[in-house]
file data-v5.cif (mmCIF, C-alpha atoms)
data_query
loop_
_atom_site.label_atom_id
_atom_site.label_comp_id
_atom_site.auth_asym_id
_atom_site.auth_seq_id
_atom_site.Cartn_x
_atom_site.Cartn_y
_atom_site.Cartn_z
CA MET A 1 0.00 0.00 0.00
CA TYR A 2 2.93 2.34 0.72
CA GLU A 3 4.19 1.88 -2.83
CA GLU A 4 0.72 2.65 -4.16
CA ILE A 5 0.70 5.96 -2.28
CA SER A 6 4.15 6.89 -3.54
CA LYS A 7 3.19 5.99 -7.11
CA ALA A 8 -0.13 7.85 -6.93
CA LEU A 9 1.62 11.03 -5.78
CA ALA A 10 4.39 10.66 -8.35
CA GLU A 11 1.76 10.31 -11.09
CA LEU A 12 -0.44 13.06 -9.63
CA GLU A 13 -3.42 10.75 -9.20
CA GLU A 14 -5.08 12.85 -6.52
CA ASP A 15 -8.19 10.77 -5.76
CA LEU A 16 -6.24 7.51 -5.55
CA LEU A 17 -3.65 9.13 -3.29
CA LEU A 18 -6.14 10.69 -0.89
CA ASP A 19 -8.16 7.49 -0.61
CA GLY A 20 -4.99 5.53 0.12
CA VAL A 21 -3.76 7.94 2.77
CA LYS A 22 -7.17 8.06 4.42
CA ASN A 23 -7.43 4.26 4.54
CA LEU A 24 -3.98 3.84 6.08
CA TYR A 25 -4.59 6.56 8.66
CA GLU A 26 -7.94 5.06 9.68
CA LYS A 27 -6.28 1.65 10.08
CA GLY A 28 -3.87 3.15 12.60
CA VAL A 29 -0.76 3.00 10.42
CA PRO A 30 1.99 5.20 11.97
CA VAL A 31 1.88 8.70 10.51
CA PHE A 32 5.64 8.69 9.97
CA ASP A 33 5.35 5.65 7.71
CA ILE A 34 2.69 7.39 5.65
CA LEU A 35 4.84 10.50 5.41
CA THR A 36 7.83 8.44 4.30
CA ALA A 37 5.76 7.07 1.43
CA LEU A 38 4.61 10.57 0.52
CA GLN A 39 8.17 11.83 0.60
CA LYS A 40 9.26 9.09 -1.80
CA GLY A 41 6.46 10.17 -4.13
CA MET A 42 7.66 13.77 -4.00
CA GLU A 43 11.21 12.62 -4.74
CA GLU A 44 9.89 10.91 -7.88
CA VAL A 45 8.14 14.14 -8.86
CA GLY A 46 11.46 15.92 -8.47
CA LYS A 47 13.19 13.40 -10.72
CA LYS A 48 10.50 13.80 -13.37
CA PHE A 49 10.91 17.57 -13.18
CA GLU A 50 14.69 17.30 -13.60
CA ALA A 51 14.16 14.96 -16.56
CA LYS A 52 11.74 17.53 -18.06
CA GLU A 53 8.89 15.01 -17.93
CA TYR A 54 7.13 17.44 -15.59
CA PHE A 55 7.03 21.21 -15.71
CA LEU A 56 6.35 23.95 -13.18
CA SER A 57 2.57 23.38 -13.30
CA GLU A 58 3.00 19.72 -12.29
CA LEU A 59 5.46 20.70 -9.57
CA ILE A 60 2.95 23.14 -8.09
CA MET A 61 0.17 20.58 -8.35
CA SER A 62 2.26 17.96 -6.55
CA ALA A 63 2.87 20.38 -3.69
CA ASP A 64 -0.84 21.12 -3.38
CA VAL A 65 -1.71 17.41 -3.42
CA PHE A 66 0.99 16.70 -0.83
CA LYS A 67 -0.45 19.35 1.48
CA GLU A 68 -3.95 17.97 1.01
CA ALA A 69 -2.75 14.44 1.78
CA THR A 70 -0.95 15.49 4.98
CA GLY A 71 -4.07 17.44 5.94
CA LEU A 72 -5.88 14.10 6.25
CA LEU A 73 -3.55 13.09 9.08
CA GLY A 74 -5.52 15.08 11.65
CA ASP A 75 -3.64 16.67 14.54
CA ALA A 76 -0.70 14.30 14.19
CA PHE A 77 1.65 17.27 13.90
CA ALA A 78 0.38 19.14 16.93
CA THR A 79 3.15 19.53 19.48
CA ASN A 80 2.95 20.20 23.17
CA ASP A 81 5.63 22.69 24.23
CA SER A 82 6.45 20.61 27.31
CA GLU A 83 6.90 17.47 25.23
CA THR A 84 8.63 18.86 22.16
CA MET A 85 12.08 17.59 21.31
CA GLY A 86 13.30 21.06 20.42
CA THR A 87 12.35 24.24 18.58
CA MET A 88 13.32 25.29 15.07
CA VAL A 89 12.61 28.52 13.20
CA MET A 90 12.52 27.88 9.47
CA GLY A 91 11.77 29.74 6.27
CA THR A 92 12.71 30.28 2.64
CA VAL A 93 14.95 33.35 2.42
CA LYS A 94 13.87 36.61 0.81
CA GLU A 95 13.44 36.79 -2.97
CA ASP A 96 12.81 33.04 -3.17
CA ILE A 97 9.21 31.76 -3.15
CA HIS A 98 9.89 28.01 -3.34
CA ASP A 99 8.15 26.08 -0.59
CA ILE A 100 7.80 22.44 -1.65
CA GLY A 101 11.02 21.13 -0.10
CA LYS A 102 10.62 23.37 2.96
CA ASP A 103 7.08 22.16 3.56
CA ILE A 104 8.15 18.52 3.42
CA VAL A 105 10.97 19.13 5.91
CA VAL A 106 8.66 21.04 8.25
CA THR A 107 6.08 18.26 8.15
CA ILE A 108 8.60 15.48 8.77
CA LEU A 109 10.27 17.36 11.63
CA ARG A 110 6.93 18.01 13.32
CA CYS A 111 6.07 14.34 12.98
CA ASN A 112 9.32 13.56 14.79
CA GLY A 113 8.41 15.74 17.76
CA PHE A 114 10.04 19.05 16.86
CA GLN A 115 8.23 22.35 17.27
CA VAL A 116 8.77 24.13 13.96
CA ILE A 117 7.96 27.80 13.51
CA ASP A 118 7.38 28.04 9.76
CA LEU A 119 7.91 31.61 8.53
CA GLY A 120 6.88 30.79 4.97
CA VAL A 121 8.66 32.00 1.84
CA ASP A 122 10.35 35.22 0.72
CA VAL A 123 11.14 35.88 4.38
CA PRO A 124 12.81 39.24 5.14
CA VAL A 125 15.93 39.22 7.27
CA GLU A 126 14.15 41.15 10.00
CA LYS A 127 11.42 38.51 10.27
CA PHE A 128 14.00 35.79 10.99
CA VAL A 129 15.59 37.97 13.68
CA GLU A 130 12.22 38.75 15.29
CA ALA A 131 11.16 35.08 15.26
CA ILE A 132 14.42 33.98 16.90
CA LYS A 133 13.96 36.57 19.64
CA GLU A 134 10.36 35.48 20.19
CA HIS A 135 10.70 31.70 20.07
CA ASN A 136 14.30 31.17 21.27
CA PRO A 137 14.97 28.15 18.99
CA GLN A 138 17.95 25.85 19.27
CA ILE A 139 18.02 25.45 15.49
CA ILE A 140 17.47 27.84 12.59
CA GLY A 141 16.70 26.53 9.09
CA LEU A 142 17.20 28.57 5.92
CA SER A 143 15.90 27.24 2.62
CA CYS A 144 16.38 28.37 -0.98
CA LEU A 145 16.16 26.92 -4.46
CA LEU A 146 17.60 29.88 -6.37
CA THR A 147 21.36 30.35 -6.56
CA SER A 148 20.68 34.08 -6.69
CA ALA A 149 19.31 33.82 -3.14
CA PHE A 150 22.64 32.68 -1.66
CA GLU A 151 23.54 36.31 -0.92
CA ASN A 152 20.26 36.74 0.95
CA MET A 153 20.97 33.58 2.90
CA LYS A 154 24.35 34.97 3.87
CA GLU A 155 22.82 38.35 4.72
CA THR A 156 20.30 36.64 7.00
CA ILE A 157 23.02 34.80 8.90
CA VAL A 158 25.09 37.98 9.27
CA ALA A 159 22.03 39.77 10.64
CA ILE A 160 21.45 36.99 13.15
CA GLU A 161 25.07 37.30 14.28
CA GLU A 162 24.92 41.09 14.52
CA ALA A 163 21.78 40.84 16.64
CA GLY A 164 23.72 38.66 19.07
CA LEU A 165 21.45 35.69 18.43
CA ARG A 166 23.82 33.12 16.94
CA GLU A 167 25.68 31.87 20.00
CA GLY A 168 24.28 28.59 21.31
CA ARG A 169 22.24 28.00 18.16
CA THR A 170 22.81 25.90 15.05
CA ILE A 171 22.05 27.27 11.59
CA LEU A 172 21.22 24.72 8.90
CA ILE A 173 20.62 25.34 5.20
CA GLY A 174 18.85 23.28 2.56
CA GLY A 175 17.50 23.34 -0.97
CA GLY A 176 18.43 21.88 -4.33
CA PRO A 177 21.60 23.89 -5.09
CA THR A 178 22.99 23.98 -1.55
CA ASP A 179 26.10 22.00 -0.67
CA GLU A 180 29.17 22.18 1.57
CA LYS A 181 30.68 25.03 -0.45
CA VAL A 182 27.50 27.07 -0.11
CA LYS A 183 27.38 26.24 3.60
CA ASP A 184 30.90 27.64 4.04
CA TYR A 185 30.13 30.70 1.90
CA VAL A 186 27.01 31.73 3.82
CA ARG A 187 28.65 30.76 7.15
CA ALA A 188 26.08 28.16 8.16
CA ASP A 189 26.78 25.22 10.47
CA GLY A 190 25.41 22.44 8.30
CA VAL A 191 23.57 21.51 5.11
CA CYS A 192 20.73 18.98 4.77
CA LYS A 193 19.87 17.43 1.41
CA ASN A 194 16.49 15.96 2.36
CA ALA A 195 13.92 15.74 5.14
CA GLN A 196 15.24 12.55 6.72
CA GLU A 197 18.75 13.97 6.88
CA ALA A 198 17.31 17.09 8.49
CA VAL A 199 15.73 14.96 11.22
CA GLU A 200 18.99 13.10 11.85
CA VAL A 201 21.06 16.29 11.96
CA CYS A 202 18.61 18.07 14.28
CA LYS A 203 18.54 15.11 16.66
CA LYS A 204 22.33 15.05 16.68
CA VAL A 205 22.45 18.78 17.41
CA LEU A 206 20.18 18.29 20.42
CA GLY A 207 21.94 15.11 21.57
CA VAL A 208 18.86 12.96 21.02
CA ASN A 209 19.25 9.31 19.98
#
call {"tool": "encode", "arguments": {"input": "data-v5.cif", "output": "structure tokens"}}
result
Amino acid sequence: MYEEISKALAELEEDLLLDGVKNLYEKGVPVFDILTALQKGMEEVGKKFEAKEYFLSELIMSADVFKEATGLLGDAFATNDSETMGTMVMGTVKEDIHDIGKDIVVTILRCNGFQVIDLGVDVPVEKFVEAIKEHNPQIIGLSCLLTSAFENMKETIVAIEEAGLREGRTILIGGGPTDEKVKDYVRADGVCKNAQEAVEVCKKVLGVN
């Protein structure tokens, strides 16, 4: 059934996907397992996009269907502040409106017990600084899909430092074009290539097994 969900999402078969997710959820299947199947489907969408089998319209549709599917999982992502594993402030940096990858990471992290403050896309530097002051996160996540947004990512990190908010916190970056070189350039602490890696890195940062 997991493979059917992944395939339905990859092929943008909305009704089949939603029925499958609903059936698994009602049967008591762990939400994380359902999300893993959905993530695999989104990875296939990404491959089709890279191969030019899909275009921007299909990419947007897949994101909408993914959100609708996760919406069927009830309050599975609700976190109690006293029980949360840790807090993360996350957003796509200014002048970049891509949210698909960010939304998947946010969903998977919440499912794993993290409280994630999602600032959305095209997030101004000041909004990151304000959110860090308000929520006091241990981890900060910056996402971008445009290479032109690397400067804005760097600017955001510099602003966090100048506001005296970097010490004791870990800054992670992610997005298609990000790698170790970009991490060093923008002065981040780490780079995550996918949602599962983000979970593993965040747990390591907080010393959680």
call {"tool": "resolve_selection", "arguments": {"input": "data-v5.cif", "expression": "the PyMOL selection byres ((chain A and resi 1) around 10)", "output": "PyMOL selection string"}}
result
chain A and resi 2-7+20-21+23-24+34+37
call {"tool": "closest_residue", "arguments": {"input": "data-v5.cif", "among": "A:Met42, A:Leu206, A:Ile171, A:Val93", "to": "A:Asn194", "atoms": "only C-alpha atoms"}}
result
A:Met42
call {"tool": "residues_around", "arguments": {"input": "data-v5.cif", "residues": "A:Met85", "least_positions_apart": "4", "cutoff": "12 Å", "atoms": "only C-alpha atoms", "output": "compact mmCIF listing (two decimals) with C-alpha atoms, in the coordinates of the input"}}
result
# COMPACT_ATOMS: atom_id res chain seq x y z
CA THR A 79 3.15 19.53 19.48
CA ASN A 80 2.95 20.20 23.17
CA ASP A 81 5.63 22.69 24.23
CA LEU A 109 10.27 17.36 11.63
CA ARG A 110 6.93 18.01 13.32
CA CYS A 111 6.07 14.34 12.98
CA ASN A 112 9.32 13.56 14.79
CA GLY A 113 8.41 15.74 17.76
CA PHE A 114 10.04 19.05 16.86
CA GLN A 115 8.23 22.35 17.27
CA VAL A 116 8.77 24.13 13.96
CA PRO A 137 14.97 28.15 18.99
CA GLN A 138 17.95 25.85 19.27
CA ILE A 139 18.02 25.45 15.49
CA VAL A 199 15.73 14.96 11.22
CA CYS A 202 18.61 18.07 14.28
CA LYS A 203 18.54 15.11 16.66
CA LYS A 204 22.33 15.05 16.68
CA VAL A 205 22.45 18.78 17.41
CA LEU A 206 20.18 18.29 20.42
CA GLY A 207 21.94 15.11 21.57
CA VAL A 208 18.86 12.96 21.02
CA ASN A 209 19.25 9.31 19.98
call {"tool": "residues_around", "arguments": {"input": "data-v5.cif", "residues": "stretch 8-18 of chain A", "least_positions_apart": "4", "cutoff": "8 Å", "atoms": "all atoms listed in the file", "output": "list in words"}}
result
Glu4, Lys22, Leu38, Gly41, Met42, Glu43, Glu44, Val45, Glu58, Met61, Ser62, Val65, Phe66, Glu68, Ala69 and Leu72 of chain A
call {"tool": "axis_aligned_box", "arguments": {"input": "data-v5.cif", "around": "stretch 32-47 of chain A", "padding_each_side": "4 Å", "output": "JSON"}}
result
{"center_x": 7.9, "center_y": 10.8, "center_z": -0.4, "size_x": 18.5, "size_y": 18.3, "size_z": 28.7}
call {"tool": "closest_residue", "arguments": {"input": "data-v5.cif", "among": "A:Ile157, A:Ile100, A:Val29, A:Val89", "to": "A:Lys133", "atoms": "only C-alpha atoms"}}
result
A:Val89
call {"tool": "resolve_selection", "arguments": {"input": "data-v5.cif", "expression": "the PyMOL selection byres ((chain A and resi 158) around 12)", "output": "ChimeraX atom specification"}}
result
/A:125-126,128-129,151-157,159-166,171,185-188
call {"tool": "closest_residue", "arguments": {"input": "data-v5.cif", "among": "A:Ala51, A:Gly175, A:Phe32, A:Gly141", "to": "A:Gly91", "atoms": "only C-alpha atoms"}}
result
A:Gly141
call {"tool": "resolve_selection", "arguments": {"input": "data-v5.cif", "expression": "the PyMOL selection byres ((chain A and resi 190) around 7)", "output": "list in words"}}
result
Ile171, Leu172, Ile173, Lys183, Ala188, Asp189, Val191 and Cys192 of chain A
call {"tool": "write_last_selection", "arguments": {"input": "data-v5.cif", "atoms": "C-alpha atoms", "output": "compact mmCIF listing (two decimals), in the frame of the given file"}}
result
# COMPACT_ATOMS: atom_id res chain seq x y z
CA ILE A 171 22.05 27.27 11.59
CA LEU A 172 21.22 24.72 8.90
CA ILE A 173 20.62 25.34 5.20
CA LYS A 183 27.38 26.24 3.60
CA ALA A 188 26.08 28.16 8.16
CA ASP A 189 26.78 25.22 10.47
CA VAL A 191 23.57 21.51 5.11
CA CYS A 192 20.73 18.98 4.77
call {"tool": "atom_distance", "arguments": {"input": "data-v5.cif", "atom1": "atom CA of A:Asp122", "atom2": "atom CA of A:Asn136"}}
result
21.3 Å
call {"tool": "build_atoms", "arguments": {"input": "data-v5.cif", "residues": "stretch 59-70 of chain A", "atoms": "all heavy atoms", "output": "PDB file, keeping the file's coordinate frame"}}
result
ATOM      1  N   LEU A  59       4.756  20.558 -10.847  1.00  0.00           N
ATOM      2  CA  LEU A  59       5.460  20.700  -9.570  1.00  0.00           C
ATOM      3  C   LEU A  59       4.559  21.384  -8.544  1.00  0.00           C
ATOM      4  O   LEU A  59       4.478  20.956  -7.389  1.00  0.00           O
ATOM      5  CB  LEU A  59       6.732  21.527  -9.799  1.00  0.00           C
ATOM      6  CG  LEU A  59       7.886  21.324  -8.816  1.00  0.00           C
ATOM      7  CD1 LEU A  59       8.350  19.885  -8.805  1.00  0.00           C
ATOM      8  CD2 LEU A  59       9.035  22.247  -9.163  1.00  0.00           C
ATOM      9  N   ILE A  60       3.872  22.426  -8.978  1.00  0.00           N
ATOM     10  CA  ILE A  60       2.950  23.140  -8.090  1.00  0.00           C
ATOM     11  C   ILE A  60       1.788  22.240  -7.683  1.00  0.00           C
ATOM     12  O   ILE A  60       1.381  22.218  -6.518  1.00  0.00           O
ATOM     13  CB  ILE A  60       2.443  24.420  -8.779  1.00  0.00           C
ATOM     14  CG1 ILE A  60       3.586  25.410  -8.971  1.00  0.00           C
ATOM     15  CG2 ILE A  60       1.317  25.063  -7.960  1.00  0.00           C
ATOM     16  CD1 ILE A  60       3.232  26.620  -9.806  1.00  0.00           C
ATOM     17  N   MET A  61       1.279  21.488  -8.644  1.00  0.00           N
ATOM     18  CA  MET A  61       0.170  20.580  -8.350  1.00  0.00           C
ATOM     19  C   MET A  61       0.579  19.527  -7.338  1.00  0.00           C
ATOM     20  O   MET A  61      -0.170  19.209  -6.411  1.00  0.00           O
ATOM     21  CB  MET A  61      -0.317  19.901  -9.633  1.00  0.00           C
ATOM     22  CG  MET A  61      -1.480  18.955  -9.397  1.00  0.00           C
ATOM     23  SD  MET A  61      -2.041  18.165 -10.926  1.00  0.00           S
ATOM     24  CE  MET A  61      -3.325  17.077 -10.274  1.00  0.00           C
ATOM     25  N   SER A  62       1.792  18.988  -7.479  1.00  0.00           N
ATOM     26  CA  SER A  62       2.260  17.960  -6.550  1.00  0.00           C
ATOM     27  C   SER A  62       2.349  18.507  -5.135  1.00  0.00           C
ATOM     28  O   SER A  62       2.025  17.824  -4.164  1.00  0.00           O
ATOM     29  CB  SER A  62       3.622  17.410  -6.997  1.00  0.00           C
ATOM     30  OG  SER A  62       4.650  18.374  -6.826  1.00  0.00           O
ATOM     31  N   ALA A  63       2.774  19.762  -5.008  1.00  0.00           N
ATOM     32  CA  ALA A  63       2.870  20.380  -3.690  1.00  0.00           C
ATOM     33  C   ALA A  63       1.491  20.544  -3.071  1.00  0.00           C
ATOM     34  O   ALA A  63       1.294  20.295  -1.874  1.00  0.00           O
ATOM     35  CB  ALA A  63       3.562  21.740  -3.798  1.00  0.00           C
ATOM     36  N   ASP A  64       0.523  20.950  -3.882  1.00  0.00           N
ATOM     37  CA  ASP A  64      -0.840  21.120  -3.380  1.00  0.00           C
ATOM     38  C   ASP A  64      -1.436  19.781  -2.944  1.00  0.00           C
ATOM     39  O   ASP A  64      -2.104  19.686  -1.904  1.00  0.00           O
ATOM     40  CB  ASP A  64      -1.724  21.741  -4.473  1.00  0.00           C
ATOM     41  CG  ASP A  64      -1.375  23.200  -4.750  1.00  0.00           C
ATOM     42  OD1 ASP A  64      -0.743  23.818  -3.872  1.00  0.00           O
ATOM     43  OD2 ASP A  64      -1.730  23.697  -5.824  1.00  0.00           O
ATOM     44  N   VAL A  65      -1.184  18.742  -3.743  1.00  0.00           N
ATOM     45  CA  VAL A  65      -1.710  17.410  -3.420  1.00  0.00           C
ATOM     46  C   VAL A  65      -1.041  16.876  -2.153  1.00  0.00           C
ATOM     47  O   VAL A  65      -1.686  16.268  -1.304  1.00  0.00           O
ATOM     48  CB  VAL A  65      -1.506  16.441  -4.601  1.00  0.00           C
ATOM     49  CG1 VAL A  65      -1.903  15.029  -4.201  1.00  0.00           C
ATOM     50  CG2 VAL A  65      -2.315  16.889  -5.807  1.00  0.00           C
ATOM     51  N   PHE A  66       0.263  17.130  -2.028  1.00  0.00           N
ATOM     52  CA  PHE A  66       0.990  16.700  -0.830  1.00  0.00           C
ATOM     53  C   PHE A  66       0.393  17.343   0.416  1.00  0.00           C
ATOM     54  O   PHE A  66       0.157  16.682   1.431  1.00  0.00           O
ATOM     55  CB  PHE A  66       2.473  17.079  -0.964  1.00  0.00           C
ATOM     56  CG  PHE A  66       3.290  16.806   0.269  1.00  0.00           C
ATOM     57  CD1 PHE A  66       3.820  15.550   0.513  1.00  0.00           C
ATOM     58  CD2 PHE A  66       3.535  17.814   1.205  1.00  0.00           C
ATOM     59  CE1 PHE A  66       4.567  15.296   1.653  1.00  0.00           C
ATOM     60  CE2 PHE A  66       4.277  17.575   2.342  1.00  0.00           C
ATOM     61  CZ  PHE A  66       4.802  16.306   2.565  1.00  0.00           C
ATOM     62  N   LYS A  67       0.130  18.644   0.339  1.00  0.00           N
ATOM     63  CA  LYS A  67      -0.450  19.350   1.480  1.00  0.00           C
ATOM     64  C   LYS A  67      -1.835  18.814   1.818  1.00  0.00           C
ATOM     65  O   LYS A  67      -2.193  18.654   2.990  1.00  0.00           O
ATOM     66  CB  LYS A  67      -0.537  20.851   1.178  1.00  0.00           C
ATOM     67  CG  LYS A  67       0.805  21.552   1.123  1.00  0.00           C
ATOM     68  CD  LYS A  67       0.641  23.025   0.763  1.00  0.00           C
ATOM     69  CE  LYS A  67       1.970  23.733   0.652  1.00  0.00           C
ATOM     70  NZ  LYS A  67       1.841  25.148   0.248  1.00  0.00           N
ATOM     71  N   GLU A  68      -2.605  18.499   0.782  1.00  0.00           N
ATOM     72  CA  GLU A  68      -3.950  17.970   1.010  1.00  0.00           C
ATOM     73  C   GLU A  68      -3.876  16.601   1.665  1.00  0.00           C
ATOM     74  O   GLU A  68      -4.662  16.275   2.560  1.00  0.00           O
ATOM     75  CB  GLU A  68      -4.701  17.875  -0.319  1.00  0.00           C
ATOM     76  CG  GLU A  68      -6.193  17.630  -0.165  1.00  0.00           C
ATOM     77  CD  GLU A  68      -6.966  17.733  -1.463  1.00  0.00           C
ATOM     78  OE1 GLU A  68      -6.378  18.131  -2.488  1.00  0.00           O
ATOM     79  OE2 GLU A  68      -8.170  17.439  -1.448  1.00  0.00           O
ATOM     80  N   ALA A  69      -2.908  15.793   1.223  1.00  0.00           N
ATOM     81  CA  ALA A  69      -2.750  14.440   1.780  1.00  0.00           C
ATOM     82  C   ALA A  69      -2.340  14.510   3.250  1.00  0.00           C
ATOM     83  O   ALA A  69      -2.894  13.799   4.100  1.00  0.00           O
ATOM     84  CB  ALA A  69      -1.724  13.659   0.970  1.00  0.00           C
ATOM     85  N   THR A  70      -1.388  15.385   3.581  1.00  0.00           N
ATOM     86  CA  THR A  70      -0.950  15.490   4.980  1.00  0.00           C
ATOM     87  C   THR A  70      -2.062  16.096   5.836  1.00  0.00           C
ATOM     88  O   THR A  70      -2.130  15.843   7.039  1.00  0.00           O
ATOM     89  CB  THR A  70       0.323  16.349   5.102  1.00  0.00           C
ATOM     90  OG1 THR A  70       0.091  17.644   4.526  1.00  0.00           O
ATOM     91  CG2 THR A  70       1.487  15.698   4.396  1.00  0.00           C
TER      92      THR A  70
END
